[in-house]
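Source file: input37.txt; contents: compact mmCIF, N, CA and C atoms.
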# COMPACT_ATOMS: atom_id res chain seq x y z
N MET R 1 108.51 113.99 111.61
CA MET R 1 107.48 114.80 110.95
C MET R 1 107.48 114.48 109.47
N CYS R 2 106.29 114.51 108.90
CA CYS R 2 106.16 114.04 107.53
C CYS R 2 105.83 115.13 106.54
N GLU R 3 106.45 116.25 106.75
CA GLU R 3 106.29 117.31 105.77
C GLU R 3 107.06 116.96 104.49
N ALA R 4 106.83 117.73 103.43
CA ALA R 4 107.51 117.47 102.15
C ALA R 4 108.12 118.76 101.62
N ASN R 5 109.06 118.60 100.73
CA ASN R 5 109.61 119.76 100.04
C ASN R 5 108.93 119.91 98.70
N VAL R 6 108.55 121.13 98.38
CA VAL R 6 107.86 121.38 97.11
C VAL R 6 108.87 121.97 96.13
N TYR R 7 108.93 121.35 94.98
CA TYR R 7 109.86 121.75 93.93
C TYR R 7 109.08 122.17 92.69
N ILE R 8 109.73 122.95 91.86
CA ILE R 8 109.15 123.30 90.57
C ILE R 8 110.03 122.73 89.46
N ALA R 9 109.39 121.98 88.58
CA ALA R 9 110.13 121.38 87.47
C ALA R 9 110.50 122.47 86.47
N LYS R 10 111.75 122.45 86.08
CA LYS R 10 112.21 123.41 85.09
C LYS R 10 112.10 122.79 83.71
N ASN R 11 111.48 123.49 82.78
CA ASN R 11 111.35 123.00 81.39
C ASN R 11 110.68 121.63 81.34
N GLY R 12 109.79 121.39 82.27
CA GLY R 12 109.04 120.14 82.24
C GLY R 12 109.83 118.93 82.69
N SER R 13 111.11 119.11 83.03
CA SER R 13 111.93 117.97 83.44
C SER R 13 111.93 117.85 84.95
N GLU R 14 111.91 116.62 85.45
CA GLU R 14 111.98 116.43 86.89
C GLU R 14 113.42 116.24 87.35
N GLU R 15 114.36 116.38 86.45
CA GLU R 15 115.73 116.02 86.79
C GLU R 15 116.38 116.97 87.80
N GLU R 16 116.24 118.25 87.56
CA GLU R 16 116.84 119.20 88.49
C GLU R 16 115.80 120.22 88.92
N PRO R 17 114.80 119.77 89.65
CA PRO R 17 113.76 120.72 90.02
C PRO R 17 114.29 121.74 91.02
N GLU R 18 113.67 122.90 90.99
CA GLU R 18 114.09 124.01 91.84
C GLU R 18 113.26 123.97 93.12
N LEU R 19 113.89 124.09 94.27
CA LEU R 19 113.15 124.10 95.54
C LEU R 19 112.31 125.37 95.63
N TYR R 20 111.03 125.20 95.92
CA TYR R 20 110.12 126.35 96.01
C TYR R 20 109.77 126.65 97.47
N LEU R 21 109.48 125.61 98.25
CA LEU R 21 109.19 125.79 99.68
C LEU R 21 109.49 124.48 100.38
N SER R 22 110.22 124.55 101.47
CA SER R 22 110.57 123.33 102.19
C SER R 22 109.67 123.12 103.40
N ALA R 23 109.64 121.90 103.87
CA ALA R 23 108.90 121.53 105.09
C ALA R 23 107.42 121.89 105.00
N VAL R 24 106.82 121.53 103.86
CA VAL R 24 105.41 121.87 103.64
C VAL R 24 104.52 120.85 104.35
N ASP R 25 103.58 121.38 105.11
CA ASP R 25 102.59 120.52 105.76
C ASP R 25 101.32 120.47 104.92
N SER R 26 100.71 121.63 104.64
CA SER R 26 99.43 121.58 103.95
C SER R 26 99.50 122.17 102.55
N VAL R 27 98.73 121.55 101.68
CA VAL R 27 98.64 121.94 100.27
C VAL R 27 97.14 122.00 99.97
N ILE R 28 96.66 123.21 99.70
CA ILE R 28 95.22 123.40 99.51
C ILE R 28 94.99 124.08 98.16
N PRO R 29 94.15 123.48 97.32
CA PRO R 29 93.89 124.13 96.03
C PRO R 29 93.01 125.37 96.20
N GLU R 30 93.33 126.37 95.41
CA GLU R 30 92.47 127.55 95.34
C GLU R 30 92.00 127.67 93.89
N GLU R 31 91.44 128.80 93.51
CA GLU R 31 90.86 128.90 92.17
C GLU R 31 91.93 128.93 91.08
N ASN R 32 91.56 128.45 89.91
CA ASN R 32 92.37 128.59 88.70
C ASN R 32 93.80 128.08 88.85
N ASP R 33 93.92 126.86 89.33
CA ASP R 33 95.23 126.20 89.41
C ASP R 33 96.21 126.90 90.34
N HIS R 34 95.70 127.60 91.34
CA HIS R 34 96.57 128.13 92.38
C HIS R 34 96.50 127.19 93.58
N TRP R 35 97.61 127.10 94.29
CA TRP R 35 97.72 126.20 95.44
C TRP R 35 98.33 126.97 96.60
N ARG R 36 97.69 126.88 97.76
CA ARG R 36 98.22 127.52 98.96
C ARG R 36 99.05 126.49 99.73
N LEU R 37 100.33 126.77 99.84
CA LEU R 37 101.26 125.88 100.54
C LEU R 37 101.57 126.50 101.89
N THR R 38 101.55 125.70 102.93
CA THR R 38 101.90 126.18 104.27
C THR R 38 102.93 125.25 104.86
N SER R 39 104.04 125.82 105.30
CA SER R 39 105.10 124.99 105.90
C SER R 39 104.80 124.76 107.37
N ILE R 40 105.55 123.82 107.95
CA ILE R 40 105.38 123.56 109.39
C ILE R 40 105.80 124.76 110.24
N PHE R 41 106.50 125.73 109.62
CA PHE R 41 106.89 126.94 110.34
C PHE R 41 105.88 128.07 110.14
N GLY R 42 104.82 127.78 109.39
CA GLY R 42 103.78 128.78 109.18
C GLY R 42 104.00 129.64 107.95
N GLU R 43 105.08 129.40 107.23
CA GLU R 43 105.31 130.19 106.02
C GLU R 43 104.32 129.77 104.95
N GLN R 44 103.71 130.76 104.28
CA GLN R 44 102.75 130.45 103.23
C GLN R 44 103.21 131.01 101.90
N LYS R 45 102.95 130.24 100.84
CA LYS R 45 103.21 130.72 99.50
C LYS R 45 102.07 130.23 98.60
N ILE R 46 101.76 131.03 97.60
CA ILE R 46 100.75 130.64 96.62
C ILE R 46 101.47 130.31 95.32
N LEU R 47 101.24 129.11 94.86
CA LEU R 47 101.91 128.63 93.64
C LEU R 47 100.87 128.49 92.54
N HIS R 48 101.19 128.98 91.34
CA HIS R 48 100.31 128.80 90.19
C HIS R 48 100.89 127.69 89.34
N GLY R 49 100.23 126.55 89.36
CA GLY R 49 100.77 125.44 88.59
C GLY R 49 99.95 124.18 88.78
N ARG R 50 100.53 123.08 88.33
CA ARG R 50 99.85 121.79 88.44
C ARG R 50 100.82 120.79 89.07
N ILE R 51 100.26 119.86 89.80
CA ILE R 51 101.09 118.81 90.39
C ILE R 51 101.58 117.90 89.28
N LYS R 52 102.86 117.65 89.31
CA LYS R 52 103.47 116.76 88.32
C LYS R 52 103.70 115.38 88.94
N SER R 53 104.15 115.35 90.18
CA SER R 53 104.30 114.07 90.88
C SER R 53 104.46 114.33 92.37
N MET R 54 104.05 113.34 93.14
CA MET R 54 104.30 113.37 94.59
C MET R 54 104.91 112.04 94.97
N HIS R 55 106.01 112.10 95.72
CA HIS R 55 106.63 110.91 96.28
C HIS R 55 106.83 111.19 97.76
N LEU R 56 105.87 110.75 98.54
CA LEU R 56 105.81 111.19 99.94
C LEU R 56 106.91 110.58 100.78
N VAL R 57 107.27 109.34 100.51
CA VAL R 57 108.33 108.70 101.30
C VAL R 57 109.65 109.46 101.09
N ASP R 58 109.82 110.01 99.89
CA ASP R 58 111.00 110.83 99.60
C ASP R 58 110.80 112.30 99.95
N HIS R 59 109.64 112.65 100.50
CA HIS R 59 109.34 114.04 100.90
C HIS R 59 109.39 114.99 99.71
N ARG R 60 108.96 114.53 98.55
CA ARG R 60 109.07 115.36 97.35
C ARG R 60 107.71 115.56 96.69
N ILE R 61 107.36 116.80 96.46
CA ILE R 61 106.20 117.13 95.63
C ILE R 61 106.72 118.04 94.53
N ILE R 62 106.46 117.65 93.29
CA ILE R 62 106.95 118.45 92.17
C ILE R 62 105.76 119.05 91.43
N PHE R 63 105.82 120.34 91.24
CA PHE R 63 104.83 121.06 90.45
C PHE R 63 105.44 121.47 89.13
N GLU R 64 104.59 121.68 88.14
CA GLU R 64 105.04 122.40 86.95
C GLU R 64 104.23 123.67 86.89
N THR R 65 104.87 124.76 86.53
CA THR R 65 104.18 126.02 86.48
C THR R 65 103.39 126.13 85.19
N ILE R 66 102.41 127.02 85.22
CA ILE R 66 101.57 127.25 84.05
C ILE R 66 101.98 128.59 83.46
N GLU R 67 102.23 128.58 82.17
CA GLU R 67 102.66 129.82 81.56
C GLU R 67 101.45 130.75 81.43
N GLU R 68 101.66 131.98 81.86
CA GLU R 68 100.59 132.96 81.73
C GLU R 68 100.45 133.29 80.24
N PRO R 69 99.21 133.42 79.76
CA PRO R 69 99.06 133.76 78.34
C PRO R 69 99.64 135.14 78.08
N ALA R 70 100.37 135.24 76.99
CA ALA R 70 100.94 136.53 76.63
C ALA R 70 99.81 137.47 76.28
N GLY R 71 99.90 138.66 76.75
CA GLY R 71 98.76 139.51 76.49
C GLY R 71 99.13 140.93 76.32
N MET W 72 108.22 106.21 108.19
CA MET W 72 107.84 106.36 106.78
C MET W 72 106.75 107.43 106.66
N CYS W 73 106.83 108.16 105.58
CA CYS W 73 105.96 109.31 105.46
C CYS W 73 104.89 109.15 104.40
N GLU W 74 104.37 107.98 104.31
CA GLU W 74 103.24 107.78 103.42
C GLU W 74 102.00 108.47 104.01
N ALA W 75 100.95 108.57 103.19
CA ALA W 75 99.71 109.21 103.64
C ALA W 75 98.52 108.31 103.32
N ASN W 76 97.44 108.58 104.01
CA ASN W 76 96.20 107.88 103.68
C ASN W 76 95.36 108.78 102.78
N VAL W 77 94.81 108.18 101.74
CA VAL W 77 94.00 108.94 100.81
C VAL W 77 92.52 108.67 101.11
N TYR W 78 91.79 109.75 101.28
CA TYR W 78 90.37 109.67 101.61
C TYR W 78 89.56 110.34 100.51
N ILE W 79 88.30 109.98 100.45
CA ILE W 79 87.37 110.64 99.53
C ILE W 79 86.31 111.34 100.36
N ALA W 80 86.16 112.63 100.07
CA ALA W 80 85.15 113.42 100.79
C ALA W 80 83.77 113.01 100.31
N LYS W 81 82.91 112.77 101.26
CA LYS W 81 81.53 112.44 100.91
C LYS W 81 80.71 113.71 100.91
N ASN W 82 79.95 113.94 99.86
CA ASN W 82 79.07 115.11 99.74
C ASN W 82 79.84 116.42 99.96
N GLY W 83 81.08 116.42 99.52
CA GLY W 83 81.85 117.64 99.61
C GLY W 83 82.33 117.99 101.01
N SER W 84 81.97 117.19 102.00
CA SER W 84 82.37 117.49 103.38
C SER W 84 83.64 116.73 103.73
N GLU W 85 84.51 117.40 104.51
CA GLU W 85 85.74 116.72 104.94
C GLU W 85 85.53 116.05 106.30
N GLU W 86 84.32 116.09 106.82
CA GLU W 86 84.11 115.65 108.20
C GLU W 86 84.30 114.15 108.38
N GLU W 87 83.69 113.35 107.51
CA GLU W 87 83.83 111.91 107.65
C GLU W 87 84.25 111.32 106.32
N PRO W 88 85.44 111.63 105.89
CA PRO W 88 85.85 111.12 104.59
C PRO W 88 86.04 109.61 104.64
N GLU W 89 85.87 109.00 103.50
CA GLU W 89 85.96 107.55 103.39
C GLU W 89 87.38 107.18 102.97
N LEU W 90 87.98 106.22 103.65
CA LEU W 90 89.33 105.80 103.29
C LEU W 90 89.31 105.11 101.92
N TYR W 91 90.18 105.57 101.03
CA TYR W 91 90.23 105.01 99.68
C TYR W 91 91.45 104.11 99.51
N LEU W 92 92.62 104.57 99.99
CA LEU W 92 93.84 103.75 99.93
C LEU W 92 94.76 104.23 101.04
N SER W 93 95.30 103.29 101.80
CA SER W 93 96.17 103.68 102.90
C SER W 93 97.64 103.51 102.50
N ALA W 94 98.50 104.16 103.24
CA ALA W 94 99.95 104.04 103.08
C ALA W 94 100.41 104.37 101.67
N VAL W 95 99.89 105.49 101.15
CA VAL W 95 100.21 105.90 99.79
C VAL W 95 101.56 106.61 99.76
N ASP W 96 102.41 106.15 98.86
CA ASP W 96 103.70 106.80 98.64
C ASP W 96 103.61 107.78 97.48
N SER W 97 103.22 107.29 96.29
CA SER W 97 103.25 108.19 95.14
C SER W 97 101.86 108.50 94.61
N VAL W 98 101.73 109.74 94.16
CA VAL W 98 100.49 110.27 93.60
C VAL W 98 100.88 110.94 92.30
N ILE W 99 100.43 110.37 91.20
CA ILE W 99 100.84 110.87 89.88
C ILE W 99 99.59 111.20 89.07
N PRO W 100 99.51 112.42 88.54
CA PRO W 100 98.35 112.75 87.72
C PRO W 100 98.40 112.06 86.37
N GLU W 101 97.24 111.62 85.91
CA GLU W 101 97.12 111.11 84.54
C GLU W 101 96.11 112.00 83.82
N GLU W 102 95.62 111.57 82.69
CA GLU W 102 94.76 112.45 81.91
C GLU W 102 93.38 112.63 82.54
N ASN W 103 92.80 113.79 82.27
CA ASN W 103 91.40 114.04 82.61
C ASN W 103 91.07 113.80 84.09
N ASP W 104 91.88 114.41 84.94
CA ASP W 104 91.60 114.36 86.39
C ASP W 104 91.64 112.96 86.97
N HIS W 105 92.42 112.08 86.37
CA HIS W 105 92.67 110.79 86.99
C HIS W 105 94.03 110.84 87.69
N TRP W 106 94.14 110.11 88.77
CA TRP W 106 95.37 110.08 89.57
C TRP W 106 95.74 108.65 89.86
N ARG W 107 97.00 108.32 89.62
CA ARG W 107 97.50 106.98 89.93
C ARG W 107 98.13 107.00 91.32
N LEU W 108 97.54 106.26 92.23
CA LEU W 108 98.04 106.19 93.60
C LEU W 108 98.76 104.86 93.78
N THR W 109 99.92 104.90 94.40
CA THR W 109 100.66 103.67 94.67
C THR W 109 101.04 103.64 96.15
N SER W 110 100.69 102.57 96.82
CA SER W 110 101.01 102.47 98.24
C SER W 110 102.43 101.94 98.41
N ILE W 111 102.92 102.01 99.64
CA ILE W 111 104.27 101.49 99.93
C ILE W 111 104.31 99.97 99.77
N PHE W 112 103.13 99.33 99.68
CA PHE W 112 103.08 97.88 99.47
C PHE W 112 102.93 97.54 97.99
N GLY W 113 102.93 98.55 97.13
CA GLY W 113 102.84 98.31 95.70
C GLY W 113 101.42 98.25 95.17
N GLU W 114 100.45 98.44 96.04
CA GLU W 114 99.06 98.43 95.56
C GLU W 114 98.79 99.73 94.78
N GLN W 115 98.13 99.57 93.62
CA GLN W 115 97.84 100.75 92.80
C GLN W 115 96.33 100.90 92.62
N LYS W 116 95.90 102.15 92.63
CA LYS W 116 94.50 102.44 92.31
C LYS W 116 94.48 103.72 91.49
N ILE W 117 93.50 103.79 90.59
CA ILE W 117 93.30 105.01 89.80
C ILE W 117 92.05 105.70 90.33
N LEU W 118 92.23 106.93 90.72
CA LEU W 118 91.12 107.70 91.29
C LEU W 118 90.74 108.80 90.31
N HIS W 119 89.46 108.99 90.08
CA HIS W 119 88.98 110.09 89.24
C HIS W 119 88.45 111.17 90.17
N GLY W 120 89.18 112.26 90.25
CA GLY W 120 88.74 113.30 91.17
C GLY W 120 89.73 114.44 91.24
N ARG W 121 89.50 115.29 92.21
CA ARG W 121 90.39 116.44 92.40
C ARG W 121 90.83 116.48 93.86
N ILE W 122 92.04 116.98 94.06
CA ILE W 122 92.54 117.13 95.42
C ILE W 122 91.76 118.24 96.12
N LYS W 123 91.31 117.92 97.31
CA LYS W 123 90.57 118.90 98.10
C LYS W 123 91.48 119.49 99.17
N SER W 124 92.30 118.67 99.78
CA SER W 124 93.28 119.17 100.75
C SER W 124 94.32 118.09 101.02
N MET W 125 95.50 118.55 101.39
CA MET W 125 96.55 117.64 101.85
C MET W 125 97.08 118.19 103.16
N HIS W 126 97.18 117.32 104.14
CA HIS W 126 97.81 117.68 105.42
C HIS W 126 98.81 116.58 105.70
N LEU W 127 100.05 116.83 105.32
CA LEU W 127 101.05 115.75 105.30
C LEU W 127 101.47 115.32 106.70
N VAL W 128 101.56 116.28 107.62
CA VAL W 128 101.96 115.91 108.98
C VAL W 128 100.91 114.97 109.59
N ASP W 129 99.66 115.16 109.20
CA ASP W 129 98.58 114.26 109.66
C ASP W 129 98.41 113.04 108.74
N HIS W 130 99.23 112.93 107.71
CA HIS W 130 99.17 111.78 106.79
C HIS W 130 97.81 111.71 106.07
N ARG W 131 97.25 112.86 105.74
CA ARG W 131 95.91 112.86 105.14
C ARG W 131 95.92 113.58 103.80
N ILE W 132 95.42 112.90 102.78
CA ILE W 132 95.14 113.55 101.50
C ILE W 132 93.67 113.29 101.21
N ILE W 133 92.92 114.36 100.98
CA ILE W 133 91.48 114.20 100.73
C ILE W 133 91.18 114.61 99.29
N PHE W 134 90.53 113.72 98.58
CA PHE W 134 90.06 114.00 97.22
C PHE W 134 88.55 114.19 97.25
N GLU W 135 88.05 114.89 96.26
CA GLU W 135 86.62 114.85 96.00
C GLU W 135 86.45 114.23 94.62
N THR W 136 85.47 113.39 94.49
CA THR W 136 85.27 112.73 93.20
C THR W 136 84.54 113.67 92.25
N ILE W 137 84.66 113.37 90.99
CA ILE W 137 84.00 114.17 89.95
C ILE W 137 82.82 113.35 89.44
N GLU W 138 81.66 113.99 89.43
CA GLU W 138 80.48 113.25 88.96
C GLU W 138 80.56 113.07 87.45
N GLU W 139 80.37 111.85 87.03
CA GLU W 139 80.35 111.57 85.60
C GLU W 139 79.07 112.20 85.03
N PRO W 140 79.17 112.83 83.87
CA PRO W 140 77.95 113.39 83.29
C PRO W 140 76.94 112.29 82.98
N ALA W 141 75.70 112.56 83.32
CA ALA W 141 74.65 111.58 83.02
C ALA W 141 74.53 111.45 81.50
N GLY W 142 74.42 110.25 81.05
CA GLY W 142 74.40 110.07 79.61
C GLY W 142 73.14 109.39 79.17

Encoded form (structure tokens):
Amino acid sequence: MCEANVYIAKNGSEEEPELYLSAVDSVIPEENDHWRLTSIFGEQKILHGRIKSMHLVDHRIIFETIEEPAG
Amino acid sequence: MCEANVYIAKNGSEEEPELYLSAVDSVIPEENDHWRLTSIFGEQKILHGRIKSMHLVDHRIIFETIEEPAG
């Protein structure tokens, strides 16, 4: 199976990204830089961020989060 | 190997997307909605568009292109 693990880059670095959701099958953009991730087990999470890199052979998708404006 | 095929949606529909690059390993965003795609064979293409959907188990990534403003 060719699912991927989705990570979040900490401080913009890809060196030690944090695992956000594993075994992700589908990645669907929603409004305002939100992404609906669904794992092969049916688990869903909504991530607010931007794709930083995808390396599919390594099963890695790295996002960077978007800072909410202070308000 | 878990590469994916990258397609471009025609007229916003995902029904008969056009194959743009096959066996894609890495997908890296560049400036202004451009994406650098690299296949497992080392072929590179730059696509101007937005991700419409990814279904990794099916090896499918679908982009929609962005219309250049008429000048």

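Computed from the coordinates, the atom N of R:Pro17 to atom N of W:Leu92 distance equals 28.8 Å.
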
Check which residues of chain R sit at most 5 Å from chain W using only N, CA and C atoms, and return one row each with the closest pair of atoms and their distance in Å to one decimal, ordered by chain and rising number, as a Markdown table.
| residue | atom | partner | partner_atom | distance |
| --- | --- | --- | --- | --- |
| R:Cys2 | C | W:Leu127 | C | 4.4 |
| R:Glu3 | N | W:Val128 | N | 5.0 |
| R:Asp25 | C | W:Leu127 | N | 3.9 |
| R:Ser26 | CA | W:Met125 | C | 4.2 |
| R:Val27 | N | W:Met125 | C | 4.0 |
| R:Ile28 | CA | W:Ser124 | CA | 4.8 |
| R:Ser53 | CA | W:Ile99 | CA | 4.8 |
| R:Met54 | C | W:Val98 | N | 4.0 |
| R:His55 | CA | W:Ser97 | CA | 4.5 |
| R:Leu56 | N | W:Asp96 | C | 3.9 |
| R:Val57 | N | W:Cys73 | C | 4.6 |

(request) Measure the distance from atom CA of W:Glu87 to atom C of R:Val6 in Å and round it to one decimal. (result) 29.3 Å

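Atom CA of R:Asn32 is positioned 17.7 Å from atom CA of R:Ile8.
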
(request) Check the DSSP output for the backbone and give back, as a ChimeraX atom specification, the residues of chain W in strand (DSSP E or B). (result) /W:75-81,84-100,105-110,115-126,131-136

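For W:Gly120, the non-local neighbours within 6 Å, defined as residues at least 2 positions apart in the same chain or in other chains and counting only C-alpha atoms, are Asp104, Glu135, Thr136 and Ile137 of chain W.
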
(request) Using only N, CA and C atoms, determine which residues lie at most 5 Å from W:Tyr78, disregarding the query and same-chain residues fewer than 4 positions distant; provide the list as a PyMOL selection string. (result) chain W and resi 89-91+132-134
